[in-house]
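The next block is data04.pdb, given as PDB, C-alpha atoms, pLDDT in the B column.
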```pdb
ATOM      1  CA  MET A   1     107.025 132.671 -15.839  1.00 67.00           C
ATOM      2  CA  LYS A   2     105.228 130.247 -13.546  1.00 76.00           C
ATOM      3  CA  VAL A   3     107.184 128.696 -10.660  1.00 79.00           C
ATOM      4  CA  SER A   4     105.757 125.951  -8.458  1.00 80.00           C
ATOM      5  CA  ILE A   5     107.211 123.879  -5.619  1.00 85.00           C
ATOM      6  CA  LYS A   6     105.701 120.415  -5.187  1.00 85.00           C
ATOM      7  CA  LYS A   7     106.290 117.200  -3.262  1.00 85.00           C
ATOM      8  CA  HIS A   8     107.345 114.404  -5.614  1.00 80.00           C
ATOM      9  CA  LYS A   9     108.037 110.697  -5.112  1.00 80.00           C
ATOM     10  CA  VAL A  10     111.235 109.463  -6.816  1.00 71.00           C
ATOM     11  CA  ARG A  11     112.085 105.740  -6.435  1.00 75.00           C
ATOM     12  CA  GLU A  12     110.293 105.479  -3.074  1.00 78.00           C
ATOM     13  CA  ASP A  13     112.002 108.665  -1.788  1.00 79.00           C
ATOM     14  CA  ILE A  14     110.160 111.925  -1.169  1.00 84.00           C
ATOM     15  CA  LYS A  15     111.755 114.852  -3.030  1.00 83.00           C
ATOM     16  CA  TRP A  16     110.760 118.454  -3.547  1.00 86.00           C
ATOM     17  CA  VAL A  17     110.721 119.735  -7.093  1.00 85.00           C
ATOM     18  CA  ILE A  18     110.682 123.223  -8.544  1.00 82.00           C
ATOM     19  CA  GLU A  19     108.826 123.322 -11.856  1.00 86.00           C
ATOM     20  CA  VAL A  20     109.269 126.339 -14.094  1.00 83.00           C
ATOM     21  CA  SER A  21     107.694 127.057 -17.460  1.00 79.00           C
ATOM     22  CA  HIS A  22     110.409 129.012 -19.302  1.00 68.00           C
ATOM     23  CA  HIS A  23     110.110 129.936 -23.006  1.00 65.00           C
ATOM     24  CA  GLY A  24     107.460 127.267 -23.462  1.00 71.00           C
ATOM     25  CA  LYS A  25     109.630 124.507 -21.993  1.00 73.00           C
ATOM     26  CA  ARG A  26     109.354 122.814 -18.614  1.00 79.00           C
ATOM     27  CA  LYS A  27     112.436 123.001 -16.403  1.00 79.00           C
ATOM     28  CA  ARG A  28     112.689 120.955 -13.203  1.00 81.00           C
ATOM     29  CA  LYS A  29     115.116 120.924 -10.277  1.00 81.00           C
ATOM     30  CA  PHE A  30     114.918 118.391  -7.409  1.00 81.00           C
ATOM     31  CA  PHE A  31     115.737 118.927  -3.716  1.00 82.00           C
ATOM     32  CA  ASN A  32     115.754 116.786  -0.577  1.00 84.00           C
ATOM     33  CA  THR A  33     113.869 119.277   1.614  1.00 86.00           C
ATOM     34  CA  GLN A  34     111.218 121.928   1.133  1.00 85.00           C
ATOM     35  CA  VAL A  35     113.478 124.556   2.748  1.00 87.00           C
ATOM     36  CA  GLU A  36     116.193 123.954   0.125  1.00 85.00           C
ATOM     37  CA  ALA A  37     113.640 124.308  -2.649  1.00 81.00           C
ATOM     38  CA  LYS A  38     112.264 127.578  -1.267  1.00 84.00           C
ATOM     39  CA  GLN A  39     115.741 129.094  -0.840  1.00 83.00           C
ATOM     40  CA  PHE A  40     116.856 128.175  -4.366  1.00 81.00           C
ATOM     41  CA  ASP A  41     117.507 131.141  -6.729  1.00 81.00           C
ATOM     42  CA  VAL A  42     115.462 130.242  -9.816  1.00 80.00           C
ATOM     43  CA  LEU A  43     116.372 133.350 -11.851  1.00 77.00           C
ATOM     44  CA  SER A  44     120.137 132.819 -11.734  1.00 74.00           C
ATOM     45  CA  TRP A  45     119.632 129.101 -12.493  1.00 72.00           C
ATOM     46  CA  LEU A  46     117.602 129.936 -15.604  1.00 69.00           C
ATOM     47  CA  GLY A  47     120.192 132.511 -16.663  1.00 66.00           C
ATOM     48  CA  ASP A  48     122.918 129.849 -16.481  1.00 60.00           C
ATOM     49  CA  LYS A  49     120.748 127.400 -18.445  1.00 53.00           C
ATOM     50  CA  GLU A  50     120.116 129.987 -21.168  1.00 54.00           C
ATOM     51  CA  LYS A  51     123.869 130.432 -21.647  1.00 56.00           C
ATOM     52  CA  LYS A  52     124.200 126.735 -22.456  1.00 65.00           C
ATOM     53  CA  GLU A  53     121.526 126.677 -25.182  1.00 65.00           C
ATOM     54  CA  PRO A  54     121.668 128.139 -28.705  1.00 64.00           C
ATOM     55  CA  ALA A  55     120.199 131.629 -28.568  1.00 63.00           C
ATOM     56  CA  GLY A  56     120.609 133.177 -32.033  1.00 69.00           C
ATOM     57  CA  ASN A  57     122.900 136.216 -31.888  1.00 71.00           C
ATOM     58  CA  ARG A  58     123.526 135.633 -28.176  1.00 75.00           C
ATOM     59  CA  THR A  59     124.918 132.100 -28.611  1.00 82.00           C
ATOM     60  CA  ILE A  60     128.253 131.606 -26.882  1.00 84.00           C
ATOM     61  CA  LEU A  61     131.199 129.940 -28.613  1.00 87.00           C
ATOM     62  CA  SER A  62     131.295 126.824 -26.415  1.00 85.00           C
ATOM     63  CA  VAL A  63     127.638 126.003 -27.218  1.00 86.00           C
ATOM     64  CA  ALA A  64     128.122 126.644 -30.937  1.00 87.00           C
ATOM     65  CA  PHE A  65     131.283 124.507 -30.903  1.00 89.00           C
ATOM     66  CA  ASP A  66     129.454 121.549 -29.325  1.00 88.00           C
ATOM     67  CA  LEU A  67     126.700 121.796 -31.948  1.00 89.00           C
ATOM     68  CA  TYR A  68     129.246 122.103 -34.754  1.00 91.00           C
ATOM     69  CA  MET A  69     131.252 119.063 -33.670  1.00 90.00           C
ATOM     70  CA  ASN A  70     128.059 117.031 -33.314  1.00 88.00           C
ATOM     71  CA  ASP A  71     127.018 118.019 -36.841  1.00 89.00           C
ATOM     72  CA  TYR A  72     130.558 117.430 -38.151  1.00 87.00           C
ATOM     73  CA  SER A  73     130.552 113.943 -36.665  1.00 86.00           C
ATOM     74  CA  LYS A  74     127.239 113.086 -38.320  1.00 85.00           C
ATOM     75  CA  ARG A  75     128.378 114.330 -41.734  1.00 83.00           C
ATOM     76  CA  ASN A  76     131.928 112.967 -41.767  1.00 79.00           C
ATOM     77  CA  ARG A  77     131.841 109.772 -39.708  1.00 75.00           C
ATOM     78  CA  ASN A  78     133.640 106.835 -41.301  1.00 75.00           C
ATOM     79  CA  GLU A  79     132.501 103.661 -39.556  1.00 76.00           C
ATOM     80  CA  TYR A  80     135.396 101.695 -41.082  1.00 78.00           C
ATOM     81  CA  LYS A  81     138.030 103.678 -39.201  1.00 76.00           C
ATOM     82  CA  ILE A  82     138.659 103.350 -35.489  1.00 76.00           C
ATOM     83  CA  ARG A  83     140.275 106.767 -35.150  1.00 74.00           C
ATOM     84  CA  GLN A  84     138.475 109.674 -36.782  1.00 73.00           C
ATOM     85  CA  LYS A  85     141.486 111.813 -37.743  1.00 80.00           C
ATOM     86  CA  GLY A  86     139.468 114.525 -39.492  1.00 83.00           C
ATOM     87  CA  TYR A  87     137.228 114.938 -36.461  1.00 85.00           C
ATOM     88  CA  ASP A  88     140.199 115.038 -34.095  1.00 87.00           C
ATOM     89  CA  THR A  89     142.054 117.582 -36.229  1.00 90.00           C
ATOM     90  CA  THR A  90     139.028 119.854 -36.541  1.00 90.00           C
ATOM     91  CA  TYR A  91     138.317 119.554 -32.820  1.00 90.00           C
ATOM     92  CA  ASP A  92     141.901 120.515 -31.920  1.00 91.00           C
ATOM     93  CA  ARG A  93     142.109 123.441 -34.335  1.00 92.00           C
ATOM     94  CA  VAL A  94     138.767 125.049 -33.517  1.00 92.00           C
ATOM     95  CA  SER A  95     138.980 124.446 -29.758  1.00 90.00           C
ATOM     96  CA  LYS A  96     142.409 126.109 -29.689  1.00 91.00           C
ATOM     97  CA  PHE A  97     140.866 129.235 -31.223  1.00 91.00           C
ATOM     98  CA  ILE A  98     137.908 129.153 -28.812  1.00 89.00           C
ATOM     99  CA  ASN A  99     140.225 128.834 -25.801  1.00 88.00           C
ATOM    100  CA  TRP A 100     142.333 131.720 -27.133  1.00 88.00           C
ATOM    101  CA  PHE A 101     139.320 133.965 -27.821  1.00 86.00           C
ATOM    102  CA  GLY A 102     137.210 132.962 -24.799  1.00 83.00           C
ATOM    103  CA  ALA A 103     134.682 130.133 -24.663  1.00 79.00           C
ATOM    104  CA  GLU A 104     132.046 132.227 -22.868  1.00 79.00           C
ATOM    105  CA  ARG A 105     132.096 135.036 -25.439  1.00 83.00           C
ATOM    106  CA  LYS A 106     129.412 135.335 -28.100  1.00 84.00           C
ATOM    107  CA  VAL A 107     129.892 133.992 -31.609  1.00 85.00           C
ATOM    108  CA  SER A 108     128.812 137.383 -32.959  1.00 83.00           C
ATOM    109  CA  ASP A 109     131.785 139.028 -31.163  1.00 84.00           C
ATOM    110  CA  VAL A 110     134.339 137.332 -33.448  1.00 86.00           C
ATOM    111  CA  LYS A 111     135.648 139.725 -36.087  1.00 85.00           C
ATOM    112  CA  THR A 112     138.086 139.274 -38.957  1.00 84.00           C
ATOM    113  CA  GLU A 113     140.791 141.161 -37.054  1.00 86.00           C
ATOM    114  CA  ASP A 114     140.410 138.723 -34.119  1.00 87.00           C
ATOM    115  CA  TRP A 115     140.986 135.853 -36.539  1.00 86.00           C
ATOM    116  CA  HIS A 116     144.132 137.575 -37.910  1.00 88.00           C
ATOM    117  CA  ASN A 117     145.404 138.276 -34.376  1.00 89.00           C
ATOM    118  CA  TYR A 118     144.872 134.609 -33.468  1.00 89.00           C
ATOM    119  CA  LEU A 119     146.906 133.425 -36.457  1.00 89.00           C
ATOM    120  CA  GLU A 120     149.691 135.876 -35.651  1.00 89.00           C
ATOM    121  CA  SER A 121     149.722 134.888 -31.956  1.00 87.00           C
ATOM    122  CA  GLY A 122     151.505 131.596 -32.639  1.00 80.00           C
ATOM    123  CA  ASN A 123     154.907 131.002 -34.165  1.00 86.00           C
ATOM    124  CA  TRP A 124     153.421 128.927 -36.987  1.00 87.00           C
ATOM    125  CA  SER A 125     154.504 128.242 -40.522  1.00 90.00           C
ATOM    126  CA  HIS A 126     152.431 129.518 -43.422  1.00 89.00           C
ATOM    127  CA  LYS A 127     150.988 126.044 -44.016  1.00 91.00           C
ATOM    128  CA  THR A 128     149.947 125.680 -40.354  1.00 90.00           C
ATOM    129  CA  LYS A 129     148.263 129.086 -40.429  1.00 89.00           C
ATOM    130  CA  LEU A 130     146.292 128.010 -43.500  1.00 89.00           C
ATOM    131  CA  GLY A 131     145.125 124.825 -41.776  1.00 90.00           C
ATOM    132  CA  TYR A 132     144.137 126.420 -38.468  1.00 90.00           C
ATOM    133  CA  GLY A 133     142.695 129.511 -40.129  1.00 89.00           C
ATOM    134  CA  GLY A 134     140.640 127.460 -42.576  1.00 89.00           C
ATOM    135  CA  ALA A 135     139.160 125.271 -39.827  1.00 91.00           C
ATOM    136  CA  VAL A 136     138.125 128.342 -37.826  1.00 90.00           C
ATOM    137  CA  LYS A 137     136.658 130.074 -40.895  1.00 88.00           C
ATOM    138  CA  ILE A 138     134.583 127.013 -41.767  1.00 88.00           C
ATOM    139  CA  PHE A 139     133.343 126.818 -38.161  1.00 90.00           C
ATOM    140  CA  LEU A 140     132.320 130.495 -38.193  1.00 88.00           C
ATOM    141  CA  ALA A 141     130.652 130.128 -41.606  1.00 87.00           C
ATOM    142  CA  TRP A 142     128.721 127.133 -40.261  1.00 87.00           C
ATOM    143  CA  CYS A 143     127.604 129.275 -37.308  1.00 86.00           C
ATOM    144  CA  GLY A 144     126.338 131.894 -39.766  1.00 84.00           C
ATOM    145  CA  SER A 145     124.471 129.292 -41.820  1.00 83.00           C
ATOM    146  CA  LYS A 146     122.729 128.033 -38.651  1.00 85.00           C
ATOM    147  CA  GLY A 147     121.774 131.541 -37.461  1.00 83.00           C
ATOM    148  CA  LEU A 148     124.113 131.510 -34.466  1.00 83.00           C
ATOM    149  CA  GLY A 149     125.315 135.067 -34.826  1.00 74.00           C
ATOM    150  CA  GLN A 150     127.956 135.130 -37.582  1.00 62.00           C
ATOM    151  CA  LEU A 151     126.119 137.079 -40.276  1.00 58.00           C
ATOM    152  CA  LYS A 152     128.125 140.325 -40.220  1.00 54.00           C
ATOM    153  CA  GLU A 153     131.459 138.888 -41.305  1.00 57.00           C
ATOM    154  CA  ASN A 154     132.031 137.500 -44.775  1.00 59.00           C
ATOM    155  CA  TRP A 155     133.578 134.110 -43.955  1.00 57.00           C
ATOM    156  CA  TYR A 156     134.082 131.827 -46.911  1.00 50.00           C
ATOM    157  CA  SER A 157     132.566 128.415 -46.528  1.00 45.00           C
ATOM    158  CA  THR A 158     132.710 124.999 -48.015  1.00 42.00           C
ATOM    159  CA  VAL A 159     129.746 124.090 -45.834  1.00 41.00           C
ATOM    160  CA  ASN A 160     127.021 125.452 -48.106  1.00 41.00           C
ATOM    161  CA  LYS A 161     128.936 125.785 -51.344  1.00 41.00           C
ATOM    162  CA  GLU A 162     127.181 124.208 -54.289  1.00 38.00           C
ATOM    163  CA  LEU A 163     129.368 121.895 -56.271  1.00 36.00           C
ATOM    164  CA  ILE A 164     129.171 122.201 -60.016  1.00 40.00           C
ATOM    165  CA  ILE A 165     129.837 118.826 -61.510  1.00 40.00           C
ATOM    166  CA  GLU A 166     130.501 118.615 -65.191  1.00 45.00           C
ATOM    167  CA  GLN A 167     128.294 115.996 -66.768  1.00 47.00           C
ATOM    168  CA  LYS A 168     130.002 113.489 -68.989  1.00 52.00           C
ATOM    169  CA  GLN A 169     128.407 112.732 -72.299  1.00 57.00           C
ATOM    170  CA  LYS A 170     126.756 109.372 -72.390  1.00 63.00           C
ATOM    171  CA  ILE A 171     127.522 106.926 -75.150  1.00 66.00           C
ATOM    172  CA  LEU A 172     124.369 105.405 -76.550  1.00 65.00           C
ATOM    173  CA  PHE A 173     124.051 102.137 -78.339  1.00 67.00           C
ATOM    174  CA  LEU A 174     122.149 101.998 -81.571  1.00 65.00           C
ATOM    175  CA  PHE A 175     119.122 100.277 -79.974  1.00 68.00           C
ATOM    176  CA  GLN A 176     118.868 103.121 -77.381  1.00 67.00           C
ATOM    177  CA  THR A 177     118.305 105.753 -80.034  1.00 69.00           C
ATOM    178  CA  ASN A 178     115.352 106.493 -82.219  1.00 70.00           C
ATOM    179  CA  PHE A 179     117.528 106.079 -85.251  1.00 61.00           C
ATOM    180  CA  THR A 180     116.148 103.539 -87.738  1.00 56.00           C
TER     181      THR A 180
END
```
Will you turn the file into C-alpha cells for me?
Amino acid sequence: MKVSIKKHKVREDIKWVIEVSHHGKRKRKFFNTQVEAKQFDVLSWLGDKEKKEPAGNRTILSVAFDLYMNDYSKRNRNEYKIRQKGYDTTYDRVSKFINWFGAERKVSDVKTEDWHNYLESGNWSHKTKLGYGGAVKIFLAWCGSKGLGQLKENWYSTVNKELIIEQKQKILFLFQTNFT
C-alpha cells in the first residue's frame, strides 16, 4: 500500500491531499494543513471504507441492503406512479429486520433460526409474518445470488427462479401451411 502526501490546488485554495492505492483503487482525503495530513490515521480510515463496500462473505447488512434496494428500484420502477408502494413496502419490511438483527453485522451471520426468532419477536398475525418473512427471505436469497455471503442457508427465491410458461398452440390459416 503506497501512501503519499502532496500539495494540491483546489479552486484557487491550497490543500494537502493523502493519496492511497488500496486494492487497485485510488483513495484521496483532503486537508487544510500539512500537519493535519501527517497526523491522519490512514489505516483506520481504510478499514471504515472497506466496511461500506461489498466484500463477498464479509459484506455487512447495511451495504447489502443499499445495493438490494438500488437493484429493486431498477427492476420494479413504474414511472406512471408517483408513489412506489412496492418499493416502500419492501424497504420497510427488510429494514425492520436489519435494525432488529444489527446493520453492522455480516450477511453471512444470518441463520434460519435468526429469521424465525425475528418473526416470533413481534405480535404479528400469520399473514403479516408471511409478508415480512417473505421479503426478508427474498433479500437474503438475492444476497446469495450476488455472492454477498448467503450461500450456506437454503433461502427460497423468486429472484432467480425460471418461469415456465406454457405455450399456446397457434392457429394457422390455410395459406400459412404447406397444405395444397
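The gap separating atom CA of Met69 of chain A from atom CA of Gly133 of chain A is 16.8 Å, in Å to one decimal.
Once the PyMOL selection byres ((chain A and resi 4) around 7) is applied to the shown structure, the selection contains Lys2, Val3, Ile5, Lys6, Ile18, Glu19 and Val20 of chain A.
Separating atom CA of Ala135 of chain A from atom CA of Tyr118 of chain A is a distance of 12.7 Å.
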Could you pull out every residue with an atom within 10 Å of (129.3, 126.8, -37.1), file coordinates, counting only C-alpha atoms, and send them as a ChimeraX atom specification? /A:61,64-69,71-72,107,136-150,159
Expansion of the PyMOL selection byres ((chain A and resi 32-36) around 9) into residues, as a count of residues only: 13
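Between atom CA of Lys111 of chain A and atom CA of Arg58 of chain A the separation is 15.0 Å.
Counting all atoms listed in the file and comparing A:Ser62, A:Asn78, A:Thr112, A:Ser44, the residue that lies closest to Asn99 of chain A is A:Ser62.
Excluding Phe101 of chain A and any residue on its chain fewer than 2 positions from it, the residues at most 12 Å away by all atoms listed in the file are Ile60, Leu61, Ser62, Val94, Ser95, Lys96, Phe97, Ile98, Asn99, Ala103, Glu104, Arg105, Lys106, Val107, Asp109, Val110, Lys111, Glu113, Asp114, Trp115, His116, Asn117, Tyr118, Leu119, Ser121 and Val136 of chain A.
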Evaluate the PyMOL selection byres ((chain A and resi 86) around 12) on the structure here and hand back the selected residues as a PyMOL selection string. chain A and resi 69+72-73+75-78+81-85+87-93+131+135
I'd like the box whose edges run along x, y and z of the file and which contains every listed atom of segment 124-134 of chain A, padded by 6 Å per side; could you state its centre and edge lengths in Å, one decimal, as AutoDock Vina command-line options?
```
--center_x 147.6 --center_y 127.2 --center_z -40.5 --size_x 25.9 --size_y 16.7 --size_z 19.0
```
Any chance you could build segment 1-14 of chain A out to N, CA and C atoms and write it as a compact mmCIF listing (two decimals), in the frame of the given file?
```txt
# COMPACT_ATOMS: atom_id res chain seq x y z
N MET A 1 106.31 133.86 -16.25
CA MET A 1 107.02 132.67 -15.84
C MET A 1 106.35 132.14 -14.58
N LYS A 2 105.92 130.89 -14.65
CA LYS A 2 105.23 130.25 -13.55
C LYS A 2 106.19 129.33 -12.81
N VAL A 3 106.31 129.52 -11.49
CA VAL A 3 107.18 128.70 -10.66
C VAL A 3 106.33 128.00 -9.61
N SER A 4 106.50 126.68 -9.49
CA SER A 4 105.76 125.95 -8.46
C SER A 4 106.69 124.99 -7.73
N ILE A 5 106.44 124.81 -6.44
CA ILE A 5 107.21 123.88 -5.62
C ILE A 5 106.24 122.79 -5.17
N LYS A 6 106.60 121.53 -5.49
CA LYS A 6 105.70 120.42 -5.19
C LYS A 6 106.47 119.26 -4.56
N LYS A 7 105.74 118.44 -3.80
CA LYS A 7 106.29 117.20 -3.26
C LYS A 7 106.21 116.15 -4.37
N HIS A 8 107.28 115.37 -4.51
CA HIS A 8 107.34 114.40 -5.61
C HIS A 8 108.01 113.12 -5.11
N LYS A 9 107.47 111.98 -5.52
CA LYS A 9 108.04 110.70 -5.11
C LYS A 9 108.96 110.19 -6.23
N VAL A 10 110.24 109.95 -5.87
CA VAL A 10 111.24 109.46 -6.82
C VAL A 10 111.84 108.19 -6.24
N ARG A 11 111.56 107.05 -6.88
CA ARG A 11 112.08 105.74 -6.44
C ARG A 11 111.89 105.53 -4.93
N GLU A 12 110.68 105.68 -4.49
CA GLU A 12 110.29 105.48 -3.07
C GLU A 12 110.81 106.56 -2.13
N ASP A 13 111.53 107.55 -2.62
CA ASP A 13 112.00 108.66 -1.79
C ASP A 13 111.13 109.88 -2.06
N ILE A 14 110.91 110.68 -1.01
CA ILE A 14 110.16 111.92 -1.17
C ILE A 14 111.15 113.04 -1.48
```
